[in-house]
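Novice: Can you read through this structure? Questions will come right after.
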Amino acid sequence: MPLTAAPGPAGCQLFGYVGIEAVLDQMKIKTMKTGFEFNIMVVGQSGLGKSTMVNTLFKSKVSRKASQPSQEERIPKTVQLQSITHVIEEKGVKMKLTVTDTPGFGDQINNENCWDPIIKYINEQYERYLREEILITRKRKIPDTRVHGCVYFVPPTGHWLRPLDLEFMRRLSKIVNVVPVIAKADTLTLEERAEFKQRIQEDLKTHAISVYPQEDFDQDPDDRVLNDRIREKIPFAVVGADQEHQVNGKRVLGRKTKWGIIEGERSPLHPQPPPGYRGSARGAGELHP
Amino acid sequence: GSLPDQLVKKSIKQGFCFNILCIGETGSGKSTLINSLFNTNFDDPVSTHFLPVVRLRAQTYELQESNVLLKLTIVNTVGFGDQINKEDSYQPIVDYIDAQFEAYLQEELKIKRSLFSYHDTRIHVCLYFISPTGHSLKSLDLLTMKNLDSKVNIIPIIGKADSISKTELQKFKKKIMSELVSNGVQIYQFPTDDETVSKINTIMNGHLPFAVVGSMEEVKIGNKMVRARQYPWGIVQVENENHCDFVKLREMLICTNMEDLREQTHARHYELYRRCRLEEMGFRDIGPENKLVSLQEAYEAKRHEFYLEMRRKEEEMRQQFVQRVKEKEAILKEAEQQIQNKFEHRMLMHQGEKLKIEKKKKVLEDEIALFIEKKANADLLQSQASVSTPVSLKRDKDRKKNKGFRLELLCFDVRDEEIGNVHKQSKREREKLERERNSPRESQK
């Protein structure tokens, strides 16, 4: 094992192996035992593919439509919030995933203050956590229902962000991590997509909306480099696909259309879901102290 | 990467804090053991036996192995067990541990807090060095451990264990453990709930207390250099498990349970401290009507209470101040009055005196005026007398010159009568003198 003397408060030279790095394994074991909690919220008008997107992201039927398959979809009169929790497991790591959907957002004729129920919900979760934290006799592990990330679906108009989008993102980026995505990106050609992204980035900068990953939270130069690369691609253009098809002898998740099969997970065409997945996983990692 | 990996990566970037407290008598082998454990030469000066009180000395070091950065703080007790009266020996230690908890609590209660970058100084483990007497625990040991077991994870260690033989050691260990149990001392138990480590931890729990030997000197055994202590009768190898439990201690402390020690400190010892401290400050979870009271409400209530108290005190002080001012004013007024009286009295006296003096002055002036008048009269009479006898005027004048002016010889008297008398007397005498002179002259002729 390479041994170095760190230039610390007292420059100490290690003469032999001590075993300090074993603490990393100890930590891993501990985190695997306690598991993770991850709460995301999806916001956008109906018909943008939110539920399909969530299913694709976690490769399982976790959306609210999955849990109510036969019910008729009716556009509600006010914004509702529905949370569904699932426990998913991968390689021994358990994650309690809660997806909060917001049917009715942006669907009315008059959408003024349609973000209020959402802001109220987010603040309620913070309040609940705070109450637990400042108890005299507090729980060993406080249940974390705070919203870790909010995925905002932008309709693929190809033009600019709409006033509703700007208003929402401006208010919410102050209290939660907002990840804007271009929904149903298969309706835009690659050039249109690039232009749209460019315009959206400019729009966000003009209105001083800081979306995830926020520049203020870059911890060191390495972090900044990594985050800058991600920031270049914002907003992510996504295509949700939760049905499997055969392509070149492989089974892939994709959308079958008359002009071809759009693969959900092919990197050059769609930067998502892998970076999106990483984004959400990173989000989880960074929100757990 | 997977979620656990992300977390681990973040912790690596943050760095780890680990704080060890070593309690033991001077010369029990604390510094050497720490040096051996971490394979470094921590700069730790040797202390004397003559310190009046127990003090704690904390030093922080940064160690790096592969990509893991460890901020290690070693806290040593200096002068433990050296005093003649050891009743207060454990108190500075308890105070130090509490102070670290308090610092963390303060940070946690701040409104704008930065727990993420907070340098955690809470003691994660306490290595208690038992003297290798071979008999039993000292009463100081029991007293100290009893006062610390609810505040810190204690791992008892027999220091300088190469002075005890193998059979003695077994008996010694058993005696120590039974004494700890019978006195209700809670020492740290290596966790046995996770199957990856439960087996080894259970075995290690049975080997407590660890009998250790430390050394930074190297001796050649076979063709290797190993750390050991060389005696005329043999060589005690630090890392030989047959010779001492050093390897076990290192394994348990660092490789297997460092994270658990940190977690126990935070989740158990710190929470207990926090609960006691907040209750001490008057906060409760259940309010007077048996309803859940949030800390916020309790805090607001307390703040209101303090505010009212402050207002009350302010009012009290204000009243006191007004009272004092009144009193002072009264005193001053009275003094003023007194002075005024005195002044008037003096003025009267002064006036009286002045009148008297004026009177006297008047009298004196009158007398002087009178005297001048008399003098003028006398002068006049004198000049008249010299005119009436011209022959003898010259002689008279001579005589007068020779004999002086009789009038001048006479003393002045303020009384009128006397001047008059003197006048007459002088006149008679002159006439007499003249007759006498005239007669003998006449007879001579």
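Naming scheme: A, B, ... for chains in displayed order of the structure tokens; residues 1 onward per chain; ligands 1 onward as shown.
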Using only C-alpha atoms, find each residue of chain B with at least one atom at most 8 Å away from an atom of chain A; report its shortest atom-to-atom pair and that distance in Å (one decimal), sort the rows by chain and rising residue number, and return the result as a tab-separated table.
Specialist:
residue	atom	partner	partner_atom	distance
B:Ser2	CA	A:Ala281	CA	7.9
B:Leu3	CA	A:Gly285	CA	6.3
B:Pro4	CA	A:Lys28	CA	5.7
B:Asp5	CA	A:Lys28	CA	7.3
B:Gln6	CA	A:Gly285	CA	5.8
B:Leu7	CA	A:Gly285	CA	5.7
B:Val8	CA	A:Leu24	CA	6.5
B:Lys10	CA	A:Glu286	CA	8.0
B:Leu37	CA	A:Val18	CA	7.2
B:Phe38	CA	A:Val18	CA	5.9
B:Asn39	CA	A:Phe15	CA	5.4
B:Thr40	CA	A:Leu14	CA	5.1
B:Asn41	CA	A:Cys12	CA	7.1
B:Phe42	CA	A:Cys12	CA	7.1
B:Thr60	CA	A:Pro9	CA	6.8
B:Tyr61	CA	A:Ala10	CA	5.2
B:Glu62	CA	A:Gly8	CA	5.0
B:Leu63	CA	A:Ala6	CA	6.1
B:Gln64	CA	A:Ala6	CA	5.9
B:Glu65	CA	A:Leu3	CA	5.5
B:Ser66	CA	A:Pro2	CA	5.7
B:Asn67	CA	A:Glu21	CA	7.7
B:Val68	CA	A:Glu21	CA	5.8
B:Leu70	CA	A:Ile20	CA	7.6
B:Phe116	CA	A:Pro289	CA	7.5
B:Ile254	CA	A:Ile20	CA	6.2
B:Cys255	CA	A:Ala22	CA	5.1
B:Thr256	CA	A:Gln26	CA	6.8
B:Asn257	CA	A:Gln26	CA	7.4
B:Met258	CA	A:Val23	CA	6.5
B:Glu259	CA	A:Gln26	CA	6.2
B:Ala267	CA	A:Arg140	CA	6.5
B:Glu271	CA	A:Thr137	CA	7.8
B:Arg274	CA	A:Ile136	CA	7.5
B:Arg275	CA	A:Ile136	CA	5.3
B:Leu278	CA	A:Ile136	CA	6.8
B:Glu279	CA	A:Ile136	CA	7.6
B:Phe283	CA	A:Ile136	CA	7.7
B:Arg284	CA	A:Ile136	CA	6.9
B:Asp285	CA	A:Ile136	CA	6.2
B:Ser294	CA	A:Leu135	CA	6.8
B:Leu295	CA	A:Ile134	CA	6.0
Novice: Could you dump the residues just selected with N, CA and C atoms as a compact mmCIF listing (two decimals), in the first residue's frame?
Specialist:
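Output saved as out.txt:
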# COMPACT_ATOMS: atom_id res chain seq x y z
N SER B 2 -22.40 2.73 -7.71
CA SER B 2 -23.57 2.45 -6.88
C SER B 2 -23.67 3.48 -5.76
N LEU B 3 -24.83 3.45 -5.10
CA LEU B 3 -25.06 4.43 -4.05
C LEU B 3 -24.06 4.34 -2.90
N PRO B 4 -23.80 3.14 -2.38
CA PRO B 4 -22.81 3.08 -1.30
C PRO B 4 -21.46 3.64 -1.74
N ASP B 5 -21.10 3.37 -3.01
CA ASP B 5 -19.82 3.88 -3.49
C ASP B 5 -19.80 5.39 -3.49
N GLN B 6 -20.93 5.96 -3.92
CA GLN B 6 -21.00 7.43 -3.93
C GLN B 6 -20.78 8.00 -2.55
N LEU B 7 -21.44 7.36 -1.58
CA LEU B 7 -21.35 7.84 -0.21
C LEU B 7 -19.92 7.73 0.29
N VAL B 8 -19.30 6.59 -0.04
CA VAL B 8 -17.93 6.37 0.40
C VAL B 8 -17.01 7.40 -0.23
N LYS B 10 -17.75 10.35 -1.17
CA LYS B 10 -17.94 11.64 -0.53
C LYS B 10 -17.23 11.69 0.80
N LEU B 37 0.56 1.76 17.47
CA LEU B 37 -0.71 1.52 16.77
C LEU B 37 -0.75 2.18 15.41
N PHE B 38 -0.30 3.42 15.38
CA PHE B 38 -0.39 4.15 14.12
C PHE B 38 0.93 4.21 13.39
N ASN B 39 1.88 3.45 13.86
CA ASN B 39 3.14 3.32 13.13
C ASN B 39 3.79 4.65 12.85
N THR B 40 3.73 5.54 13.82
CA THR B 40 4.35 6.86 13.62
C THR B 40 5.03 7.28 14.89
N ASN B 41 5.83 8.32 14.76
CA ASN B 41 6.42 8.89 15.95
C ASN B 41 5.74 10.20 16.25
N PHE B 42 4.63 10.13 17.02
CA PHE B 42 3.96 11.36 17.40
C PHE B 42 4.86 12.07 18.40
N THR B 60 -3.62 17.07 17.39
CA THR B 60 -4.26 16.56 16.17
C THR B 60 -3.23 16.31 15.10
N TYR B 61 -3.37 15.16 14.43
CA TYR B 61 -2.44 14.81 13.36
C TYR B 61 -3.24 14.43 12.13
N GLU B 62 -2.63 14.59 10.97
CA GLU B 62 -3.28 14.12 9.74
C GLU B 62 -2.49 12.96 9.19
N LEU B 63 -3.16 11.81 9.08
CA LEU B 63 -2.49 10.64 8.53
C LEU B 63 -3.14 10.26 7.21
N GLN B 64 -2.36 9.82 6.30
CA GLN B 64 -2.94 9.41 5.03
C GLN B 64 -2.47 8.01 4.66
N GLU B 65 -3.41 7.17 4.28
CA GLU B 65 -3.06 5.85 3.80
C GLU B 65 -3.89 5.60 2.55
N SER B 66 -3.26 5.26 1.45
CA SER B 66 -3.91 5.18 0.13
C SER B 66 -4.62 6.50 -0.11
N ASN B 67 -5.94 6.44 -0.24
CA ASN B 67 -6.65 7.69 -0.50
C ASN B 67 -7.48 8.13 0.70
N VAL B 68 -7.22 7.52 1.84
CA VAL B 68 -7.99 7.85 3.02
C VAL B 68 -7.22 8.85 3.87
N LEU B 70 -7.10 10.68 7.39
CA LEU B 70 -7.62 10.55 8.75
C LEU B 70 -7.13 11.71 9.60
N PHE B 116 -21.61 20.08 8.14
CA PHE B 116 -20.91 19.36 7.10
C PHE B 116 -19.40 19.55 7.22
N ILE B 254 -9.13 -0.25 14.77
CA ILE B 254 -9.02 0.45 13.50
C ILE B 254 -9.69 -0.29 12.36
N CYS B 255 -9.29 -1.53 12.18
CA CYS B 255 -9.71 -2.21 10.97
C CYS B 255 -11.18 -2.62 10.98
N THR B 256 -11.70 -2.99 12.13
CA THR B 256 -13.04 -3.56 12.15
C THR B 256 -14.10 -2.61 12.67
N ASN B 257 -13.79 -1.85 13.72
CA ASN B 257 -14.87 -1.16 14.42
C ASN B 257 -14.74 0.35 14.52
N MET B 258 -13.86 0.94 13.76
CA MET B 258 -13.70 2.40 13.88
C MET B 258 -15.02 3.11 13.59
N GLU B 259 -15.69 2.65 12.54
CA GLU B 259 -16.94 3.31 12.17
C GLU B 259 -18.00 3.12 13.24
N ALA B 267 -24.68 8.37 18.18
CA ALA B 267 -26.08 7.96 18.36
C ALA B 267 -26.43 7.67 19.80
N GLU B 271 -26.35 11.65 22.13
CA GLU B 271 -27.80 11.85 22.28
C GLU B 271 -28.17 11.94 23.75
N ARG B 274 -27.11 15.28 24.98
CA ARG B 274 -28.01 16.31 24.43
C ARG B 274 -29.33 16.34 25.17
N ARG B 275 -29.87 15.13 25.43
CA ARG B 275 -31.17 15.06 26.10
C ARG B 275 -31.06 15.67 27.49
N LEU B 278 -30.63 19.52 27.32
CA LEU B 278 -31.82 20.28 26.94
C LEU B 278 -32.85 20.25 28.07
N GLU B 279 -32.95 19.09 28.74
CA GLU B 279 -33.88 19.01 29.86
C GLU B 279 -33.44 19.94 30.98
N PHE B 283 -36.29 22.42 28.63
CA PHE B 283 -37.13 22.04 27.51
C PHE B 283 -37.74 20.67 27.74
N ARG B 284 -38.93 20.49 27.27
CA ARG B 284 -39.60 19.20 27.42
C ARG B 284 -40.26 18.83 26.10
N ASP B 285 -40.42 17.55 25.89
CA ASP B 285 -41.17 17.12 24.71
C ASP B 285 -42.66 17.11 24.99
N SER B 294 -43.41 21.07 20.81
CA SER B 294 -42.21 21.08 19.96
C SER B 294 -41.15 21.95 20.59
N LEU B 295 -39.93 21.69 20.21
CA LEU B 295 -38.82 22.48 20.76
C LEU B 295 -39.02 23.95 20.44
Novice: Do a neighbour search on Thr187 of chain A at 10 Å with only C-alpha atoms, toss out local chain neighbours closer than 5 positions, and write the hits as a VMD selection string.
Specialist: chain A and resid 156 to 158 192 to 193 239
Novice: What does the distance from atom CA of Lys197 of chain A to atom CA of Val178 of chain A come to in Å, to one decimal?
Specialist: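 A separation of 15.9 Å between them.
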Novice: Going by DSSP on the backbone, which bits of segment 52-247 of chain A are strand (DSSP E)? Write them as a ChimeraX atom specification, please.
Specialist: /A:82-90,93-101,149-154,178-182,236-237,244-247
Novice: Hey, can you spit out that residue selection with N, CA, C and O atoms as a short mmCIF file (atom, residue, chain, number, x, y, z; two decimals), in the first residue's frame?
Specialist:
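Contents of again28.cif, freshly written:
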data_model
loop_
_atom_site.label_atom_id
_atom_site.label_comp_id
_atom_site.auth_asym_id
_atom_site.auth_seq_id
_atom_site.Cartn_x
_atom_site.Cartn_y
_atom_site.Cartn_z
N GLN A 82 -49.72 13.00 -5.46
CA GLN A 82 -49.86 11.60 -5.10
C GLN A 82 -48.49 10.98 -4.97
O GLN A 82 -47.68 11.05 -5.89
N SER A 83 -48.27 10.39 -3.81
CA SER A 83 -46.97 9.75 -3.58
C SER A 83 -47.12 8.26 -3.54
O SER A 83 -48.03 7.73 -2.90
N ILE A 84 -46.21 7.59 -4.23
CA ILE A 84 -46.21 6.12 -4.20
C ILE A 84 -44.81 5.67 -3.81
O ILE A 84 -43.83 6.18 -4.34
N THR A 85 -44.76 4.74 -2.88
CA THR A 85 -43.45 4.29 -2.40
C THR A 85 -43.21 2.85 -2.79
O THR A 85 -44.09 2.00 -2.66
N HIS A 86 -42.00 2.61 -3.26
CA HIS A 86 -41.59 1.23 -3.54
C HIS A 86 -40.20 1.00 -2.95
O HIS A 86 -39.42 1.93 -2.81
N VAL A 87 -39.92 -0.26 -2.66
CA VAL A 87 -38.56 -0.59 -2.23
C VAL A 87 -37.93 -1.39 -3.34
O VAL A 87 -38.43 -2.44 -3.71
N ILE A 88 -36.87 -0.84 -3.92
CA ILE A 88 -36.20 -1.60 -4.98
C ILE A 88 -34.81 -1.99 -4.51
O ILE A 88 -34.19 -1.30 -3.70
N GLU A 89 -34.36 -3.07 -5.03
CA GLU A 89 -33.08 -3.60 -4.56
C GLU A 89 -32.19 -3.95 -5.73
O GLU A 89 -32.65 -4.48 -6.75
N GLU A 90 -30.91 -3.64 -5.59
CA GLU A 90 -29.95 -3.99 -6.63
C GLU A 90 -28.64 -4.33 -5.96
O GLU A 90 -28.08 -3.52 -5.24
N VAL A 93 -28.20 -3.69 -2.33
CA VAL A 93 -28.45 -2.35 -1.83
C VAL A 93 -29.94 -2.07 -1.92
O VAL A 93 -30.52 -2.15 -3.00
N LYS A 94 -30.53 -1.74 -0.77
CA LYS A 94 -31.97 -1.50 -0.75
C LYS A 94 -32.23 0.00 -0.85
O LYS A 94 -31.58 0.79 -0.18
N MET A 95 -33.20 0.34 -1.66
CA MET A 95 -33.57 1.74 -1.74
C MET A 95 -35.07 1.91 -1.64
O MET A 95 -35.83 1.24 -2.33
N LYS A 96 -35.47 2.80 -0.75
CA LYS A 96 -36.89 3.09 -0.60
C LYS A 96 -37.17 4.30 -1.49
O LYS A 96 -36.79 5.42 -1.18
N LEU A 97 -37.83 4.04 -2.59
CA LEU A 97 -38.06 5.09 -3.57
C LEU A 97 -39.48 5.61 -3.46
O LEU A 97 -40.43 4.82 -3.44
N THR A 98 -39.62 6.92 -3.35
CA THR A 98 -40.95 7.53 -3.31
C THR A 98 -41.07 8.48 -4.49
O THR A 98 -40.26 9.39 -4.64
N VAL A 99 -42.06 8.25 -5.31
CA VAL A 99 -42.29 9.13 -6.45
C VAL A 99 -43.57 9.92 -6.20
O VAL A 99 -44.62 9.34 -5.94
N THR A 100 -43.45 11.22 -6.25
CA THR A 100 -44.61 12.07 -6.04
C THR A 100 -45.02 12.66 -7.39
O THR A 100 -44.25 13.37 -8.03
N ASP A 101 -46.23 12.35 -7.78
CA ASP A 101 -46.71 12.83 -9.06
C ASP A 101 -47.64 14.01 -8.83
O ASP A 101 -48.25 14.14 -7.77
N GLY A 149 -35.28 15.60 -5.26
CA GLY A 149 -35.13 16.15 -6.60
C GLY A 149 -36.49 16.32 -7.26
O GLY A 149 -37.42 15.56 -7.00
N CYS A 150 -36.59 17.35 -8.08
CA CYS A 150 -37.86 17.59 -8.77
C CYS A 150 -37.58 17.62 -10.26
O CYS A 150 -36.83 18.46 -10.76
N VAL A 151 -38.19 16.67 -10.99
CA VAL A 151 -37.96 16.61 -12.44
C VAL A 151 -39.07 17.38 -13.12
O VAL A 151 -40.25 17.05 -12.97
N TYR A 152 -38.70 18.41 -13.83
CA TYR A 152 -39.70 19.27 -14.48
C TYR A 152 -39.71 18.99 -15.98
O TYR A 152 -38.70 19.10 -16.65
N PHE A 153 -40.88 18.66 -16.48
CA PHE A 153 -41.01 18.28 -17.89
C PHE A 153 -41.40 19.48 -18.74
O PHE A 153 -42.43 20.11 -18.52
N VAL A 154 -40.54 19.80 -19.67
CA VAL A 154 -40.79 20.92 -20.58
C VAL A 154 -41.33 20.36 -21.90
O VAL A 154 -40.73 19.47 -22.48
N VAL A 178 -33.99 21.27 -8.86
CA VAL A 178 -34.85 21.13 -10.04
C VAL A 178 -34.03 20.59 -11.20
O VAL A 178 -32.97 21.12 -11.52
N VAL A 179 -34.52 19.53 -11.83
CA VAL A 179 -33.86 18.96 -13.01
C VAL A 179 -34.81 19.12 -14.19
O VAL A 179 -35.80 18.39 -14.30
N PRO A 180 -34.55 20.07 -15.07
CA PRO A 180 -35.47 20.23 -16.22
C PRO A 180 -35.16 19.20 -17.31
O PRO A 180 -34.00 18.93 -17.60
N VAL A 181 -36.21 18.63 -17.88
CA VAL A 181 -36.01 17.71 -18.99
C VAL A 181 -36.96 18.09 -20.13
O VAL A 181 -38.04 18.64 -19.88
N ILE A 182 -36.51 17.79 -21.34
CA ILE A 182 -37.36 18.01 -22.50
C ILE A 182 -38.12 16.72 -22.73
O ILE A 182 -37.53 15.67 -23.00
N PHE A 236 -31.95 17.83 -20.12
CA PHE A 236 -31.83 16.52 -20.76
C PHE A 236 -33.06 16.26 -21.61
O PHE A 236 -34.18 16.57 -21.23
N ALA A 237 -32.80 15.73 -22.78
CA ALA A 237 -33.91 15.38 -23.68
C ALA A 237 -34.22 13.91 -23.49
O ALA A 237 -33.34 13.07 -23.66
N GLU A 244 -40.41 -3.61 -24.20
CA GLU A 244 -39.22 -4.19 -24.80
C GLU A 244 -39.46 -4.60 -26.25
O GLU A 244 -40.55 -5.04 -26.60
N HIS A 245 -38.47 -4.39 -27.04
CA HIS A 245 -38.53 -4.81 -28.44
C HIS A 245 -37.24 -5.48 -28.82
O HIS A 245 -36.24 -5.36 -28.13
N GLN A 246 -37.27 -6.12 -29.95
CA GLN A 246 -36.07 -6.77 -30.44
C GLN A 246 -35.37 -5.86 -31.43
O GLN A 246 -35.98 -5.40 -32.39
N VAL A 247 -34.12 -5.54 -31.19
CA VAL A 247 -33.33 -4.77 -32.14
C VAL A 247 -32.01 -5.48 -32.32
O VAL A 247 -31.27 -5.67 -31.37
#
Novice: Near Leu127 of chain B, counting only C-alpha atoms, which residues have an atom at most 9 Å away, once you skip same-chain residues fewer than 6 positions from it, shown as a list in words?
Specialist: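 What passes the distance filter is Ile20, Leu21, Cys22, Ile23, Gly24, Lys30, Asn153, Ile154, Ile155, Pro156 and Ile157 of chain B.
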Novice: Write the residues of the selection above to a file with all heavy atoms, as an mmCIF file, in the first residue's frame.
Specialist:
data_model
loop_
_atom_site.group_PDB
_atom_site.id
_atom_site.type_symbol
_atom_site.label_atom_id
_atom_site.label_comp_id
_atom_site.auth_asym_id
_atom_site.auth_seq_id
_atom_site.Cartn_x
_atom_site.Cartn_y
_atom_site.Cartn_z
ATOM 1 N N ILE B 20 -9.127 9.798 20.017
ATOM 2 C CA ILE B 20 -8.850 8.794 21.049
ATOM 3 C C ILE B 20 -8.418 9.485 22.334
ATOM 4 O O ILE B 20 -7.604 10.413 22.308
ATOM 5 C CB ILE B 20 -7.711 7.851 20.604
ATOM 6 C CG1 ILE B 20 -8.050 7.208 19.259
ATOM 7 C CG2 ILE B 20 -7.473 6.777 21.640
ATOM 8 C CD1 ILE B 20 -6.960 6.304 18.753
ATOM 9 N N LEU B 21 -8.991 9.023 23.440
ATOM 10 C CA LEU B 21 -8.579 9.538 24.741
ATOM 11 C C LEU B 21 -7.826 8.436 25.470
ATOM 12 O O LEU B 21 -8.315 7.316 25.573
ATOM 13 C CB LEU B 21 -9.829 9.938 25.549
ATOM 14 C CG LEU B 21 -9.635 10.240 27.031
ATOM 15 C CD1 LEU B 21 -8.799 11.480 27.222
ATOM 16 C CD2 LEU B 21 -10.976 10.414 27.701
ATOM 17 N N CYS B 22 -6.632 8.734 25.926
ATOM 18 C CA CYS B 22 -5.844 7.747 26.677
ATOM 19 C C CYS B 22 -5.778 8.150 28.127
ATOM 20 O O CYS B 22 -5.278 9.239 28.446
ATOM 21 C CB CYS B 22 -4.412 7.672 26.137
ATOM 22 S SG CYS B 22 -4.319 7.041 24.488
ATOM 23 N N ILE B 23 -6.294 7.280 28.986
ATOM 24 C CA ILE B 23 -6.200 7.550 30.420
ATOM 25 C C ILE B 23 -5.286 6.510 31.036
ATOM 26 O O ILE B 23 -5.474 5.312 30.826
ATOM 27 C CB ILE B 23 -7.573 7.452 31.104
ATOM 28 C CG1 ILE B 23 -8.557 8.383 30.418
ATOM 29 C CG2 ILE B 23 -7.448 7.819 32.569
ATOM 30 C CD1 ILE B 23 -9.921 8.356 31.042
ATOM 31 N N GLY B 24 -4.332 6.988 31.791
ATOM 32 C CA GLY B 24 -3.448 6.045 32.467
ATOM 33 C C GLY B 24 -2.434 6.802 33.280
ATOM 34 O O GLY B 24 -2.165 7.975 33.011
ATOM 35 N N LYS B 30 1.351 4.790 27.539
ATOM 36 C CA LYS B 30 0.335 5.314 26.632
ATOM 37 C C LYS B 30 0.937 5.779 25.313
ATOM 38 O O LYS B 30 0.510 5.359 24.234
ATOM 39 C CB LYS B 30 -0.395 6.499 27.279
ATOM 40 C CG LYS B 30 -1.040 6.184 28.617
ATOM 41 C CD LYS B 30 -1.906 7.315 29.084
ATOM 42 C CE LYS B 30 -1.126 8.536 29.526
ATOM 43 N NZ LYS B 30 -0.458 8.359 30.817
ATOM 44 N N ASN B 153 -17.042 5.449 24.870
ATOM 45 C CA ASN B 153 -16.786 4.014 24.734
ATOM 46 C C ASN B 153 -15.459 3.683 25.403
ATOM 47 O O ASN B 153 -14.421 4.210 25.017
ATOM 48 C CB ASN B 153 -16.681 3.642 23.244
ATOM 49 C CG ASN B 153 -17.920 4.026 22.466
ATOM 50 O OD1 ASN B 153 -19.034 3.769 22.896
ATOM 51 N ND2 ASN B 153 -17.723 4.652 21.315
ATOM 52 N N ILE B 154 -15.491 2.808 26.405
ATOM 53 C CA ILE B 154 -14.260 2.471 27.128
ATOM 54 C C ILE B 154 -13.742 1.121 26.682
ATOM 55 O O ILE B 154 -14.490 0.138 26.638
ATOM 56 C CB ILE B 154 -14.497 2.423 28.656
ATOM 57 C CG1 ILE B 154 -15.027 3.764 29.152
ATOM 58 C CG2 ILE B 154 -13.210 2.071 29.384
ATOM 59 C CD1 ILE B 154 -15.284 3.782 30.645
ATOM 60 N N ILE B 155 -12.468 1.078 26.327
ATOM 61 C CA ILE B 155 -11.804 -0.207 26.069
ATOM 62 C C ILE B 155 -10.679 -0.325 27.093
ATOM 63 O O ILE B 155 -9.712 0.442 27.046
ATOM 64 C CB ILE B 155 -11.212 -0.266 24.638
ATOM 65 C CG1 ILE B 155 -12.320 -0.132 23.595
ATOM 66 C CG2 ILE B 155 -10.485 -1.575 24.442
ATOM 67 C CD1 ILE B 155 -11.826 -0.220 22.165
ATOM 68 N N PRO B 156 -10.802 -1.267 28.034
ATOM 69 C CA PRO B 156 -9.738 -1.389 29.034
ATOM 70 C C PRO B 156 -8.540 -2.129 28.461
ATOM 71 O O PRO B 156 -8.683 -3.062 27.677
ATOM 72 C CB PRO B 156 -10.411 -2.199 30.154
ATOM 73 C CG PRO B 156 -11.490 -2.959 29.484
ATOM 74 C CD PRO B 156 -11.898 -2.219 28.258
ATOM 75 N N ILE B 157 -7.367 -1.661 28.838
ATOM 76 C CA ILE B 157 -6.116 -2.220 28.317
ATOM 77 C C ILE B 157 -5.150 -2.419 29.472
ATOM 78 O O ILE B 157 -5.096 -1.587 30.374
ATOM 79 C CB ILE B 157 -5.484 -1.235 27.310
ATOM 80 C CG1 ILE B 157 -6.359 -1.122 26.072
ATOM 81 C CG2 ILE B 157 -4.100 -1.645 26.922
ATOM 82 C CD1 ILE B 157 -5.773 -0.196 25.068
#
Novice: Residues at most 8 Å from Ser36 of chain B, counting only C-alpha atoms, excluding those fewer than 3 positions away in the same chain, as a list in words?
Specialist: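 The filter keeps Thr32, Leu33, Asn39, Thr40, Gly214, Ser215 and Met216 of chain B.
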Novice: Would you put the residues from that selection into a file with N, CA and C atoms, as a PDB file, in the first residue's frame?
Specialist:
ATOM      1  N   THR B  32       3.838   5.236  23.897  1.00  0.00           N
ATOM      2  CA  THR B  32       4.479   4.204  23.081  1.00  0.00           C
ATOM      3  C   THR B  32       3.432   3.378  22.356  1.00  0.00           C
ATOM      4  N   LEU B  33       2.331   3.075  23.051  1.00  0.00           N
ATOM      5  CA  LEU B  33       1.309   2.262  22.410  1.00  0.00           C
ATOM      6  C   LEU B  33       0.688   2.985  21.233  1.00  0.00           C
ATOM      7  N   ASN B  39       1.881   3.454  13.861  1.00  0.00           N
ATOM      8  CA  ASN B  39       3.135   3.320  13.133  1.00  0.00           C
ATOM      9  C   ASN B  39       3.790   4.649  12.846  1.00  0.00           C
ATOM     10  N   THR B  40       3.734   5.544  13.819  1.00  0.00           N
ATOM     11  CA  THR B  40       4.352   6.856  13.619  1.00  0.00           C
ATOM     12  C   THR B  40       5.035   7.275  14.887  1.00  0.00           C
ATOM     13  N   GLY B 214       4.020  -2.113  23.726  1.00  0.00           N
ATOM     14  CA  GLY B 214       4.298  -1.212  22.615  1.00  0.00           C
ATOM     15  C   GLY B 214       5.788  -0.987  22.473  1.00  0.00           C
ATOM     16  N   SER B 215       6.204  -0.755  21.241  1.00  0.00           N
ATOM     17  CA  SER B 215       7.623  -0.452  21.045  1.00  0.00           C
ATOM     18  C   SER B 215       7.835   0.163  19.678  1.00  0.00           C
ATOM     19  N   MET B 216       8.739   1.094  19.597  1.00  0.00           N
ATOM     20  CA  MET B 216       9.097   1.657  18.296  1.00  0.00           C
ATOM     21  C   MET B 216      10.491   1.227  17.884  1.00  0.00           C
TER      22      MET B 216
END
